[in-house]
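This is run-v9.cif (mmCIF, C-alpha atoms and all ligand atoms).
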data_protein
#
loop_
_atom_site.label_atom_id
_atom_site.label_comp_id
_atom_site.auth_asym_id
_atom_site.auth_seq_id
_atom_site.Cartn_x
_atom_site.Cartn_y
_atom_site.Cartn_z
CA MET A 1 18.09 -19.82 1.39
CA THR A 2 15.26 -17.34 1.07
CA LEU A 3 15.40 -14.69 3.77
CA ILE A 4 12.34 -12.70 4.80
CA ALA A 5 12.88 -9.58 6.90
CA VAL A 6 9.97 -9.31 9.32
CA LEU A 7 9.50 -5.75 10.60
CA PRO A 8 6.43 -5.82 12.89
CA GLY A 9 6.59 -2.17 14.00
CA ASP A 10 4.05 -0.64 16.37
CA GLY A 11 0.49 -1.03 17.59
CA ILE A 12 -1.23 -4.01 15.97
CA GLY A 13 1.78 -4.55 13.67
CA PRO A 14 3.32 -7.36 15.77
CA GLU A 15 -0.04 -9.16 16.14
CA VAL A 16 -0.83 -9.22 12.43
CA THR A 17 2.68 -10.01 11.17
CA ALA A 18 2.92 -12.97 13.58
CA GLU A 19 -0.17 -14.49 11.94
CA ALA A 20 1.15 -13.91 8.42
CA VAL A 21 4.42 -15.62 9.38
CA ARG A 22 2.40 -18.52 10.79
CA VAL A 23 0.55 -18.90 7.48
CA LEU A 24 3.78 -18.70 5.46
CA THR A 25 5.41 -21.26 7.77
CA ALA A 26 2.48 -23.65 7.33
CA LEU A 27 3.11 -23.69 3.59
CA ASP A 28 6.57 -25.14 4.24
CA LEU A 29 8.34 -23.18 1.51
CA GLY A 30 11.76 -23.23 3.14
CA LEU A 31 11.66 -19.55 4.11
CA THR A 32 13.89 -18.14 6.85
CA PHE A 33 12.51 -15.27 8.94
CA GLU A 34 14.55 -12.64 10.72
CA GLU A 35 12.89 -9.93 12.79
CA ALA A 36 13.99 -6.36 13.57
CA PRO A 37 12.40 -3.32 15.25
CA VAL A 38 11.06 -0.45 13.18
CA GLY A 39 9.02 2.72 13.75
CA GLY A 40 8.35 3.64 17.37
CA ALA A 41 9.76 0.24 18.34
CA GLY A 42 12.95 1.15 16.46
CA TYR A 43 13.12 4.46 18.25
CA ASP A 44 12.65 2.78 21.64
CA ALA A 45 15.32 0.18 20.88
CA ASP A 46 17.87 2.32 19.12
CA GLY A 47 16.88 6.00 19.20
CA HIS A 48 15.91 5.96 15.50
CA PRO A 49 12.75 4.77 13.72
CA LEU A 50 14.85 2.96 11.12
CA PRO A 51 17.86 1.54 13.00
CA SER A 52 20.82 0.78 10.74
CA ALA A 53 20.68 -2.94 11.63
CA THR A 54 17.04 -2.98 10.52
CA LEU A 55 17.90 -1.28 7.22
CA ASP A 56 20.78 -3.75 6.72
CA LEU A 57 18.42 -6.66 7.26
CA ALA A 58 15.94 -5.18 4.78
CA ARG A 59 18.74 -4.83 2.22
CA ARG A 60 20.02 -8.38 2.77
CA ALA A 61 16.60 -10.00 2.69
CA ASP A 62 14.85 -11.30 -0.42
CA ALA A 63 11.68 -9.54 0.68
CA VAL A 64 10.35 -7.48 3.57
CA LEU A 65 7.16 -8.20 5.50
CA PHE A 66 6.15 -5.00 7.27
CA GLY A 67 3.46 -4.51 9.93
CA ALA A 68 2.60 -0.90 10.72
CA VAL A 69 4.21 2.09 12.38
CA GLY A 70 3.02 5.04 14.41
CA ASP A 71 1.73 6.00 17.80
CA THR A 72 0.63 9.35 19.16
CA ARG A 73 3.24 8.83 21.90
CA TYR A 74 5.85 9.97 19.38
CA ASP A 75 4.01 13.05 18.10
CA GLY A 76 6.25 15.37 20.12
CA LEU A 77 9.44 14.16 18.42
CA GLU A 78 11.03 16.10 15.61
CA ARG A 79 9.85 14.81 12.25
CA ARG A 80 13.00 12.84 11.34
CA LEU A 81 12.57 10.70 14.48
CA ARG A 82 8.87 9.94 14.10
CA PRO A 83 7.78 6.36 13.35
CA GLU A 84 6.47 7.22 9.84
CA GLN A 85 10.01 8.08 8.78
CA ALA A 86 10.82 4.36 8.94
CA ILE A 87 8.51 3.42 6.09
CA LEU A 88 9.43 6.52 4.07
CA GLY A 89 13.12 5.74 4.66
CA LEU A 90 12.72 2.13 3.55
CA ARG A 91 10.84 3.18 0.41
CA ALA A 92 13.62 5.63 -0.46
CA ALA A 93 16.59 3.43 0.52
CA LEU A 94 15.34 0.38 -1.37
CA GLY A 95 14.03 2.39 -4.34
CA LEU A 96 10.51 1.02 -3.85
CA PHE A 97 8.76 3.25 -6.35
CA ALA A 98 5.82 1.09 -7.38
CA ASN A 99 3.02 0.61 -4.89
CA LEU A 100 0.38 -1.96 -5.85
CA ARG A 101 -2.82 -1.69 -3.85
CA PRO A 102 -5.50 -4.09 -4.99
CA ALA A 103 -9.03 -3.50 -3.71
CA ARG A 104 -11.70 -6.08 -4.23
CA LEU A 105 -14.75 -7.14 -2.33
CA PHE A 106 -14.58 -10.67 -0.95
CA LYS A 107 -17.77 -12.67 -1.34
CA GLY A 108 -19.67 -12.45 1.91
CA LEU A 109 -18.51 -8.94 2.76
CA GLU A 110 -21.11 -7.15 0.62
CA ASP A 111 -22.77 -5.81 3.74
CA ALA A 112 -19.51 -4.75 5.43
CA SER A 113 -19.05 -2.04 2.81
CA THR A 114 -20.53 1.35 3.53
CA LEU A 115 -21.78 1.35 -0.06
CA LYS A 116 -24.99 -0.27 -1.26
CA ARG A 117 -24.53 -3.97 -1.92
CA GLU A 118 -25.13 -3.70 -5.69
CA VAL A 119 -22.49 -0.95 -5.94
CA ALA A 120 -19.95 -2.59 -3.63
CA GLU A 121 -20.02 -6.06 -5.13
CA ARG A 122 -18.54 -4.78 -8.40
CA ILE A 123 -15.32 -3.49 -6.77
CA ASP A 124 -12.23 -5.13 -8.24
CA MET A 125 -9.40 -2.73 -8.97
CA VAL A 126 -5.72 -2.14 -8.43
CA ILE A 127 -4.39 1.26 -7.48
CA ILE A 128 -0.84 1.79 -8.74
CA ARG A 129 0.64 4.55 -6.62
CA GLU A 130 4.04 6.13 -7.27
CA LEU A 131 5.98 5.94 -4.02
CA ASN A 132 9.34 7.71 -4.34
CA GLY A 133 8.39 11.23 -5.39
CA ASP A 134 5.77 13.99 -5.13
CA VAL A 135 5.27 16.25 -2.08
CA TYR A 136 6.41 13.36 0.09
CA PHE A 137 10.01 13.73 -1.03
CA GLY A 138 10.23 17.31 -2.32
CA GLU A 139 11.99 20.06 -0.42
CA LYS A 140 10.02 20.90 2.70
CA GLY A 141 10.20 23.05 5.75
CA ILE A 142 8.78 25.91 7.73
CA ARG A 143 10.30 29.29 6.85
CA PRO A 144 9.68 32.91 7.70
CA THR A 145 8.01 35.09 5.09
CA ALA A 146 9.38 38.58 4.35
CA ASP A 147 6.92 40.05 6.82
CA GLY A 148 7.81 37.56 9.56
CA ARG A 149 4.96 35.04 9.37
CA ARG A 150 5.73 31.31 9.47
CA GLN A 151 5.10 29.52 6.18
CA GLY A 152 5.05 25.76 5.70
CA TYR A 153 5.99 24.36 2.28
CA ASP A 154 6.34 20.97 0.59
CA VAL A 155 7.47 21.00 -3.01
CA MET A 156 5.49 18.78 -5.39
CA ALA A 157 7.72 17.62 -8.23
CA TYR A 158 7.93 14.72 -10.67
CA ALA A 159 10.68 14.18 -13.21
CA GLU A 160 9.62 12.61 -16.49
CA ASP A 161 11.60 9.40 -15.94
CA GLU A 162 9.86 8.94 -12.58
CA VAL A 163 6.49 9.22 -14.28
CA ARG A 164 7.56 6.97 -17.15
CA ARG A 165 8.66 4.04 -14.98
CA ILE A 166 5.48 4.02 -12.89
CA ALA A 167 3.38 4.43 -16.05
CA HIS A 168 4.95 1.24 -17.45
CA VAL A 169 3.95 -0.60 -14.26
CA GLY A 170 0.42 0.73 -14.69
CA PHE A 171 0.12 -0.33 -18.32
CA ARG A 172 1.61 -3.78 -17.69
CA THR A 173 -0.76 -4.31 -14.75
CA ALA A 174 -3.71 -3.34 -16.94
CA GLN A 175 -2.53 -5.79 -19.62
CA GLY A 176 -2.73 -8.59 -17.05
CA ARG A 177 -6.27 -7.57 -16.07
CA LYS A 178 -9.19 -6.04 -17.98
CA GLY A 179 -7.00 -3.76 -20.07
CA ARG A 180 -8.26 -0.43 -18.69
CA LEU A 181 -5.99 2.18 -17.14
CA CYS A 182 -7.28 5.38 -15.58
CA SER A 183 -4.56 7.94 -14.82
CA VAL A 184 -5.57 10.27 -12.00
CA ASP A 185 -4.07 13.75 -11.74
CA LYS A 186 -4.95 17.41 -11.22
CA ALA A 187 -3.78 18.65 -14.62
CA ASN A 188 -6.34 21.47 -14.62
CA VAL A 189 -4.34 23.19 -11.86
CA LEU A 190 -0.91 21.62 -11.37
CA GLU A 191 2.06 21.74 -13.74
CA THR A 192 3.36 18.54 -12.10
CA SER A 193 0.14 16.86 -13.21
CA GLN A 194 0.37 18.30 -16.74
CA LEU A 195 3.79 16.69 -17.17
CA TRP A 196 2.43 13.48 -15.61
CA ARG A 197 -0.39 13.40 -18.14
CA ASP A 198 1.86 14.19 -21.12
CA VAL A 199 4.28 11.41 -20.19
CA VAL A 200 1.51 8.85 -19.56
CA ILE A 201 0.12 9.64 -23.05
CA GLU A 202 3.60 9.12 -24.55
CA VAL A 203 4.01 5.76 -22.82
CA ALA A 204 0.52 4.70 -23.95
CA ALA A 205 1.81 4.46 -27.52
CA GLU A 206 3.69 1.31 -26.47
CA TYR A 207 0.51 -0.33 -25.16
CA PRO A 208 -2.09 -0.15 -27.92
CA ASP A 209 -4.02 -2.97 -26.22
CA VAL A 210 -4.71 -0.87 -23.10
CA ALA A 211 -7.56 1.66 -23.02
CA LEU A 212 -6.23 4.79 -21.31
CA SER A 213 -8.42 7.41 -19.68
CA HIS A 214 -7.65 10.43 -17.49
CA MET A 215 -9.52 11.73 -14.50
CA TYR A 216 -9.03 14.66 -12.15
CA VAL A 217 -8.46 13.52 -8.60
CA ASP A 218 -11.51 15.28 -7.15
CA ASN A 219 -13.74 13.58 -9.70
CA ALA A 220 -11.96 10.25 -9.04
CA ALA A 221 -12.77 10.54 -5.33
CA MET A 222 -16.41 11.08 -6.22
CA GLN A 223 -16.50 8.26 -8.81
CA LEU A 224 -14.96 5.83 -6.30
CA VAL A 225 -18.06 6.03 -4.15
CA ARG A 226 -20.54 6.58 -7.00
CA ASP A 227 -19.51 3.62 -9.15
CA PRO A 228 -16.22 1.94 -8.11
CA GLY A 229 -16.93 -0.93 -10.51
CA GLN A 230 -15.91 1.32 -13.41
CA PHE A 231 -12.23 1.11 -12.41
CA ASP A 232 -9.80 -1.61 -13.43
CA VAL A 233 -6.36 -0.06 -12.83
CA ILE A 234 -5.86 3.41 -11.39
CA LEU A 235 -2.45 5.02 -11.93
CA THR A 236 -1.58 7.98 -9.76
CA GLY A 237 1.05 9.89 -7.79
CA ASN A 238 2.16 9.48 -4.21
CA LEU A 239 -0.22 11.88 -2.43
CA PHE A 240 -3.35 11.23 -4.49
CA GLY A 241 -2.66 7.48 -4.26
CA ASP A 242 -2.36 7.65 -0.50
CA ILE A 243 -5.77 9.23 -0.18
CA LEU A 244 -7.63 7.29 -2.86
CA SER A 245 -6.37 3.91 -1.64
CA ASP A 246 -7.75 4.47 1.86
CA GLN A 247 -11.05 5.47 0.30
CA ALA A 248 -11.14 2.44 -1.99
CA SER A 249 -10.38 0.14 0.93
CA MET A 250 -13.44 1.18 2.88
CA CYS A 251 -15.62 0.78 -0.17
CA ALA A 252 -14.32 -2.81 -0.29
CA GLY A 253 -15.60 -3.63 3.18
CA SER A 254 -12.74 -2.99 5.54
CA ILE A 255 -9.30 -1.53 5.50
CA GLY A 256 -8.44 -4.71 7.43
CA MET A 257 -8.69 -6.77 4.25
CA LEU A 258 -6.38 -4.90 1.90
CA PRO A 259 -2.75 -5.84 1.20
CA SER A 260 -0.08 -3.92 -0.64
CA ALA A 261 3.26 -4.36 -2.34
CA ALA A 262 6.00 -1.78 -2.83
CA LEU A 263 8.44 -2.85 -5.53
CA ASN A 264 11.72 -1.63 -6.96
CA ASP A 265 12.99 -2.33 -10.45
CA GLY A 266 14.94 -5.39 -9.30
CA GLY A 267 11.93 -7.33 -8.04
CA LYS A 268 12.71 -6.57 -4.43
CA GLY A 269 9.59 -5.75 -2.48
CA LEU A 270 8.17 -4.61 0.81
CA TYR A 271 4.77 -6.02 1.68
CA GLU A 272 2.42 -4.45 4.18
CA PRO A 273 -1.24 -4.16 5.03
CA ILE A 274 -2.56 -0.78 3.96
CA HIS A 275 -4.02 -0.14 7.40
CA GLY A 276 -2.01 1.58 10.10
CA SER A 277 -0.93 0.67 13.61
CA ALA A 278 -4.38 1.21 15.20
CA PRO A 279 -3.02 1.97 18.69
CA ASP A 280 -6.60 2.04 20.06
CA ILE A 281 -6.97 -1.74 19.65
CA ALA A 282 -3.30 -2.75 19.97
CA GLY A 283 -2.46 -5.65 22.25
CA GLN A 284 -6.05 -6.84 22.46
CA GLY A 285 -5.92 -9.53 19.81
CA ARG A 286 -8.80 -7.90 17.91
CA ALA A 287 -7.07 -6.78 14.72
CA ASN A 288 -7.89 -8.41 11.41
CA PRO A 289 -4.77 -10.26 10.18
CA CYS A 290 -6.15 -10.79 6.64
CA ALA A 291 -4.54 -7.71 5.09
CA THR A 292 -1.11 -8.88 6.25
CA ILE A 293 -1.75 -12.50 5.28
CA LEU A 294 -2.80 -11.28 1.83
CA SER A 295 0.35 -9.11 1.72
CA ALA A 296 2.37 -12.27 2.32
CA ALA A 297 0.58 -13.79 -0.68
CA MET A 298 1.61 -10.79 -2.79
CA MET A 299 5.18 -11.34 -1.59
CA LEU A 300 5.11 -14.91 -2.84
CA ARG A 301 3.81 -13.73 -6.20
CA HIS A 302 5.92 -10.64 -6.83
CA SER A 303 9.27 -11.30 -5.09
CA LEU A 304 9.58 -15.04 -4.49
CA ASN A 305 8.19 -16.43 -7.72
CA ARG A 306 5.72 -18.74 -5.98
CA PRO A 307 2.45 -17.74 -7.64
CA GLU A 308 0.79 -21.07 -6.86
CA ALA A 309 1.39 -20.59 -3.12
CA ALA A 310 0.05 -17.03 -3.41
CA ASP A 311 -3.12 -18.35 -5.07
CA ARG A 312 -3.55 -20.88 -2.25
CA ILE A 313 -3.35 -18.21 0.46
CA GLU A 314 -5.77 -15.93 -1.35
CA ALA A 315 -8.21 -18.79 -1.88
CA ALA A 316 -7.93 -19.75 1.80
CA VAL A 317 -8.78 -16.21 2.92
CA ALA A 318 -11.74 -16.16 0.54
CA THR A 319 -12.93 -19.52 1.88
CA ALA A 320 -12.59 -18.40 5.50
CA ILE A 321 -14.56 -15.22 4.80
CA ALA A 322 -17.21 -17.04 2.79
CA GLY A 323 -17.51 -19.49 5.70
CA GLY A 324 -18.39 -16.63 8.04
CA ALA A 325 -15.06 -15.94 9.78
CA ARG A 326 -15.21 -12.31 10.94
CA THR A 327 -13.05 -10.12 13.13
CA ALA A 328 -14.57 -7.02 14.78
CA ASP A 329 -13.88 -4.70 11.82
CA LEU A 330 -16.09 -7.02 9.75
CA GLY A 331 -18.83 -7.08 12.36
CA GLY A 332 -17.73 -10.35 14.00
CA THR A 333 -16.14 -11.50 17.22
CA LEU A 334 -13.12 -13.57 16.16
CA SER A 335 -9.73 -12.75 17.63
CA THR A 336 -6.70 -12.10 15.45
CA ARG A 337 -5.45 -15.60 16.12
CA ALA A 338 -8.82 -17.29 15.53
CA MET A 339 -9.19 -15.47 12.20
CA ALA A 340 -5.77 -16.76 11.13
CA ASP A 341 -6.79 -20.23 12.37
CA ALA A 342 -9.79 -20.08 10.04
CA VAL A 343 -7.46 -19.20 7.14
CA LEU A 344 -5.10 -22.03 8.10
CA ALA A 345 -7.98 -24.48 8.30
CA ALA A 346 -9.05 -23.49 4.78
CA LEU A 347 -5.45 -23.85 3.61
C1 LIG A 401 0.50 4.61 3.71
C2 LIG A 401 0.67 5.44 4.94
C3 LIG A 401 2.01 6.18 4.86
C4 LIG A 401 1.95 7.09 3.66
C5 LIG A 401 2.40 6.95 6.13
C6 LIG A 401 2.43 6.04 7.35
C7 LIG A 401 3.71 7.65 5.97
O1 LIG A 401 -0.41 6.30 5.09
O2 LIG A 401 1.35 3.72 3.47
O3 LIG A 401 -0.46 4.82 2.97
O4 LIG A 401 1.44 8.21 3.75
O5 LIG A 401 2.42 6.69 2.60
MG MG A 402 -1.95 5.99 3.67
#
Give the structure from the file, written as structure tokens.
Amino acid sequence: MTLIAVLPGDGIGPEVTAEAVRVLTALDLGLTFEEAPVGGAGYDADGHPLPSATLDLARRADAVLFGAVGDTRYDGLERRLRPEQAILGLRAALGLFANLRPARLFKGLEDASTLKREVAERIDMVIIRELNGDVYFGEKGIRPTADGRRQGYDVMAYAEDEVRRIAHVGFRTAQGRKGRLCSVDKANVLETSQLWRDVVIEVAAEYPDVALSHMYVDNAAMQLVRDPGQFDVILTGNLFGDILSDQASMCAGSIGMLPSAALNDGGKGLYEPIHGSAPDIAGQGRANPCATILSAAMMLRHSLNRPEAADRIEAAVATAIAGGARTADLGGTLSTRAMADAVLAAL
């Protein structure tokens, strides 16, 4: 039995995960789904964003399908109880260190991008973001300075083995694509980045077939809007990857189209759209389910060893988009459900 933990979360999370489950069910792959609350919904149900029963389910399952977490309603809570802690907790507890965020422009969405058509249509990249380290997980707090002012701090740190294992993921991903890896850092200022760069160069010796380049993160942000077509695989740390992947998603038409995978070294994965919970449109049936449906496809490919089923879902989304199916984020009027219907029809 293959068990999928479905963690819908908050805002539009439940709406989009329901459609992804519907698509997976239609493929008749013998998957079993079990749902549990997470994020604000976890806090409401159990007083904690990542209830222990939810974490247990995620551990037991073969893969996790995650919606989104977060709502301004919880902003007043202390940090450890806020919805975002659920996803950070899952990443840490399951050792999900490798975040794969593909960004490509689907045919037909050339005009949905904020970039000029001839620039946008060349976008086809994967951002490999490290997910278990960096300022996200370093020591943090608010402390008094000697003269009594409050000072916030978040320690940025990477150990060489953490860099090495994500670098291998980057090089292997590049081998399966166009063979180009661009490592993004801030080595002109940060010691963390200098170590990152040194280790990536060491690992490169094992991948003579991959062309490695390095770019400072500020330049990378600029190049992503100047000429995103130059990138094949981007390898970067947790914070830079967070920022650059949102940027890349908009270049590719809509954040509503982009899936992601977070993997550990045992093939276990958590799959989620890269967009957030969008509380402003929650409950209205207006969210684009494609990012979550495409995340389900990544799940089939990376955790469940069903690459042919993954290809079918991705082709169905492409067909639906090419046929004119559009939710509001893409300038159309289809509801969440009708968009998923269009994908199912193409399937
Ligand atoms: C993401 C999100 C998360 C992150 C938040 C919700 C903690 O922005 O997955 O990109 O910063 O990693
Ligand atoms: Mg983010």
Would you list the contacts of range 248-255 of chain A as a PyMOL selection string, taking every protein, DNA or RNA residue within 9 Å and counting only C-alpha atoms, but skipping same-chain residues closer than 3 positions in sequence? chain A and resi 102-106+109-115+120-121+123-125+127+221+224-225+228+243-245+258-259+273-275+291+329-330
Find, counting only C-alpha atoms and all ligand atoms, the residue in A:Leu344, A:Ala86, A:Ala211, A:Leu57 that gets nearest to ligand LIG 401 (chain A). A:Ala86
Can you sort out the box for range 19-34 of chain A, edges along x, y and z, all listed atoms in, 5 Å on every side, with centre and edge lengths in Å to one decimal, as AutoDock Vina command-line options?
--center_x 7.2 --center_y -18.9 --center_z 6.7 --size_x 24.7 --size_y 22.5 --size_z 20.4
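Restricting the calculation to all atoms listed in the file, the smallest distance between Leu77 in chain A and any of A:Leu181, A:Asn99, A:Pro49, A:Arg149 is found for A:Pro49.
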Could you list, as a VMD selection string, all residues that come within 7 Å of ligand LIG 401 (chain A)? Count only C-alpha atoms and all ligand atoms. chain A and resid 69 84 to 85 87 to 88 242 274 276
Students should find that CA of Leu7 in chain A and CA of Lys140 in chain A are spaced 27.8 Å
Of the candidates A:Asp44, A:Glu272, A:Asp10, A:Asp280, which shows the shortest atom-to-atom distance to Met298 in chain A, using all atoms listed in the file?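 Selected residue with least distance to Met298 in chain A: A:Glu272.
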For CA of Arg150 in chain A and CA of Phe240 in chain A, determine how far apart the two atoms are, in Å to one decimal place.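 Interatomic distance here is 26.1 Å.
Between CA of Lys268 in chain A and CA of Pro8 in chain A the interatomic distance comes to 18.4 Å.
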Calculated over all atoms listed in the file, which of the candidates A:Thr72, A:Thr292, A:Thr192, A:Thr333 has the smallest distance to Ser260 in chain A?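 Among the listed residues, the smallest separation from Ser260 in chain A belongs to A:Thr292.
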For ligand MG 402 (chain A), which residue out of A:Asp341, A:Ala315, A:Gln247, A:Asn288 is the nearest one, using only C-alpha atoms and all ligand atoms? A:Gln247
With distances taken over all atoms listed in the file, which residue among A:Val16, A:Met1, A:Leu347, A:Ala204 lies nearest Phe171 in chain A?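 Nearest candidate to Phe171 in chain A out of A:Val16, A:Met1, A:Leu347, A:Ala204: A:Ala204.
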Can you pull out the residues contacting Ala278 in chain A? Cut-off 10 Å, using only C-alpha atoms, and skip same-chain residues under 5 positions away; I want them as a PyMOL selection string. chain A and resi 10-13+68-71+287
Can you write just those residues out, C-alpha atoms, as a short mmCIF file (atom, residue, chain, number, x, y, z; two decimals), in the frame of the given file?
data_model
loop_
_atom_site.label_atom_id
_atom_site.label_comp_id
_atom_site.auth_asym_id
_atom_site.auth_seq_id
_atom_site.Cartn_x
_atom_site.Cartn_y
_atom_site.Cartn_z
CA ASP A 10 4.05 -0.64 16.37
CA GLY A 11 0.49 -1.03 17.59
CA ILE A 12 -1.23 -4.01 15.97
CA GLY A 13 1.78 -4.55 13.67
CA ALA A 68 2.60 -0.90 10.72
CA VAL A 69 4.21 2.09 12.38
CA GLY A 70 3.02 5.04 14.41
CA ASP A 71 1.73 6.00 17.80
CA ALA A 287 -7.07 -6.78 14.72
#
Within 8 Å of Met339 in chain A, counting all atoms listed in the file, which residues qualify if same-chain residues fewer than 2 places away don't, as an NGL selection string? :A and (288-290 or 325-327 or 334-337 or 341-343)
Contacts of Asp56 in chain A at 12 Å (all atoms listed in the file; same-chain gap of 5+ positions) as number ranges by chain: A: 5, 34-37, 50-51, 61-62, 64, 90, 93-94
Written selection (C-alpha atoms) as an mmCIF file, keeping the file's coordinate frame:
data_model
loop_
_atom_site.group_PDB
_atom_site.id
_atom_site.type_symbol
_atom_site.label_atom_id
_atom_site.label_comp_id
_atom_site.auth_asym_id
_atom_site.auth_seq_id
_atom_site.Cartn_x
_atom_site.Cartn_y
_atom_site.Cartn_z
ATOM 1 C CA ALA A 5 12.880 -9.580 6.900
ATOM 2 C CA GLU A 34 14.550 -12.640 10.720
ATOM 3 C CA GLU A 35 12.890 -9.930 12.790
ATOM 4 C CA ALA A 36 13.990 -6.360 13.570
ATOM 5 C CA PRO A 37 12.400 -3.320 15.250
ATOM 6 C CA LEU A 50 14.850 2.960 11.120
ATOM 7 C CA PRO A 51 17.860 1.540 13.000
ATOM 8 C CA ALA A 61 16.600 -10.000 2.690
ATOM 9 C CA ASP A 62 14.850 -11.300 -0.420
ATOM 10 C CA VAL A 64 10.350 -7.480 3.570
ATOM 11 C CA LEU A 90 12.720 2.130 3.550
ATOM 12 C CA ALA A 93 16.590 3.430 0.520
ATOM 13 C CA LEU A 94 15.340 0.380 -1.370
#
Protein/DNA/RNA residues near (-4.8, -13.2, 1.7), cut 7 Å, only C-alpha atoms, as a ChimeraX atom specification: /A:290-291,293-295,297,313-314,317
Contact residues around Asn188 in chain A with only C-alpha atoms at 9 Å, ignoring same-chain residues under 5 positions, as an MDAnalysis selection string: chainID A and resid 193:194 216
Would you save the residues of that selection, restricted to C-alpha atoms, as a compact mmCIF listing (two decimals), keeping the file's coordinate frame?
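File written: result.txt
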# COMPACT_ATOMS: atom_id res chain seq x y z
CA SER A 193 0.14 16.86 -13.21
CA GLN A 194 0.37 18.30 -16.74
CA TYR A 216 -9.03 14.66 -12.15
Add whatever atoms are absent from range 70-87 of chain A to reach N, CA and C atoms, and provide the output as a PDB file, in the coordinates of the input.
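What ended up in result20.pdb:
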ATOM      1  N   GLY A  70       3.673   3.811  13.972  1.00  0.00           N
ATOM      2  CA  GLY A  70       3.020   5.040  14.410  1.00  0.00           C
ATOM      3  C   GLY A  70       2.307   4.889  15.735  1.00  0.00           C
ATOM      4  N   ASP A  71       2.429   5.920  16.531  1.00  0.00           N
ATOM      5  CA  ASP A  71       1.730   6.000  17.800  1.00  0.00           C
ATOM      6  C   ASP A  71       1.786   7.454  18.228  1.00  0.00           C
ATOM      7  N   THR A  72       0.677   7.940  18.759  1.00  0.00           N
ATOM      8  CA  THR A  72       0.630   9.350  19.160  1.00  0.00           C
ATOM      9  C   THR A  72       1.681   9.672  20.224  1.00  0.00           C
ATOM     10  N   ARG A  73       2.181   8.628  20.908  1.00  0.00           N
ATOM     11  CA  ARG A  73       3.240   8.830  21.900  1.00  0.00           C
ATOM     12  C   ARG A  73       4.451   9.555  21.315  1.00  0.00           C
ATOM     13  N   TYR A  74       4.647   9.408  20.001  1.00  0.00           N
ATOM     14  CA  TYR A  74       5.850   9.970  19.380  1.00  0.00           C
ATOM     15  C   TYR A  74       5.599  11.301  18.682  1.00  0.00           C
ATOM     16  N   ASP A  75       4.368  11.829  18.822  1.00  0.00           N
ATOM     17  CA  ASP A  75       4.010  13.050  18.100  1.00  0.00           C
ATOM     18  C   ASP A  75       4.890  14.244  18.466  1.00  0.00           C
ATOM     19  N   GLY A  76       5.442  14.238  19.685  1.00  0.00           N
ATOM     20  CA  GLY A  76       6.250  15.370  20.120  1.00  0.00           C
ATOM     21  C   GLY A  76       7.667  15.351  19.565  1.00  0.00           C
ATOM     22  N   LEU A  77       8.065  14.253  18.944  1.00  0.00           N
ATOM     23  CA  LEU A  77       9.440  14.160  18.420  1.00  0.00           C
ATOM     24  C   LEU A  77       9.594  15.003  17.162  1.00  0.00           C
ATOM     25  N   GLU A  78      10.811  15.415  16.885  1.00  0.00           N
ATOM     26  CA  GLU A  78      11.030  16.100  15.610  1.00  0.00           C
ATOM     27  C   GLU A  78      10.755  15.113  14.471  1.00  0.00           C
ATOM     28  N   ARG A  79      10.363  15.650  13.315  1.00  0.00           N
ATOM     29  CA  ARG A  79       9.850  14.810  12.250  1.00  0.00           C
ATOM     30  C   ARG A  79      10.771  13.648  11.871  1.00  0.00           C
ATOM     31  N   ARG A  80      12.090  13.891  11.812  1.00  0.00           N
ATOM     32  CA  ARG A  80      13.000  12.840  11.340  1.00  0.00           C
ATOM     33  C   ARG A  80      13.061  11.649  12.299  1.00  0.00           C
ATOM     34  N   LEU A  81      12.544  11.800  13.511  1.00  0.00           N
ATOM     35  CA  LEU A  81      12.570  10.700  14.480  1.00  0.00           C
ATOM     36  C   LEU A  81      11.208  10.039  14.653  1.00  0.00           C
ATOM     37  N   ARG A  82      10.201  10.522  13.913  1.00  0.00           N
ATOM     38  CA  ARG A  82       8.870   9.940  14.100  1.00  0.00           C
ATOM     39  C   ARG A  82       8.764   8.596  13.376  1.00  0.00           C
ATOM     40  N   PRO A  83       7.891   7.724  13.895  1.00  0.00           N
ATOM     41  CA  PRO A  83       7.780   6.360  13.350  1.00  0.00           C
ATOM     42  C   PRO A  83       7.584   6.306  11.839  1.00  0.00           C
ATOM     43  N   GLU A  84       6.780   7.237  11.281  1.00  0.00           N
ATOM     44  CA  GLU A  84       6.470   7.220   9.840  1.00  0.00           C
ATOM     45  C   GLU A  84       7.722   7.331   8.985  1.00  0.00           C
ATOM     46  N   GLN A  85       8.779   7.929   9.564  1.00  0.00           N
ATOM     47  CA  GLN A  85      10.010   8.080   8.780  1.00  0.00           C
ATOM     48  C   GLN A  85      10.615   6.722   8.432  1.00  0.00           C
ATOM     49  N   ALA A  86      10.278   5.694   9.211  1.00  0.00           N
ATOM     50  CA  ALA A  86      10.820   4.360   8.940  1.00  0.00           C
ATOM     51  C   ALA A  86      10.335   3.840   7.593  1.00  0.00           C
ATOM     52  N   ILE A  87       9.029   3.957   7.354  1.00  0.00           N
ATOM     53  CA  ILE A  87       8.510   3.420   6.090  1.00  0.00           C
ATOM     54  C   ILE A  87       8.946   4.308   4.919  1.00  0.00           C
TER      55      ILE A  87
END
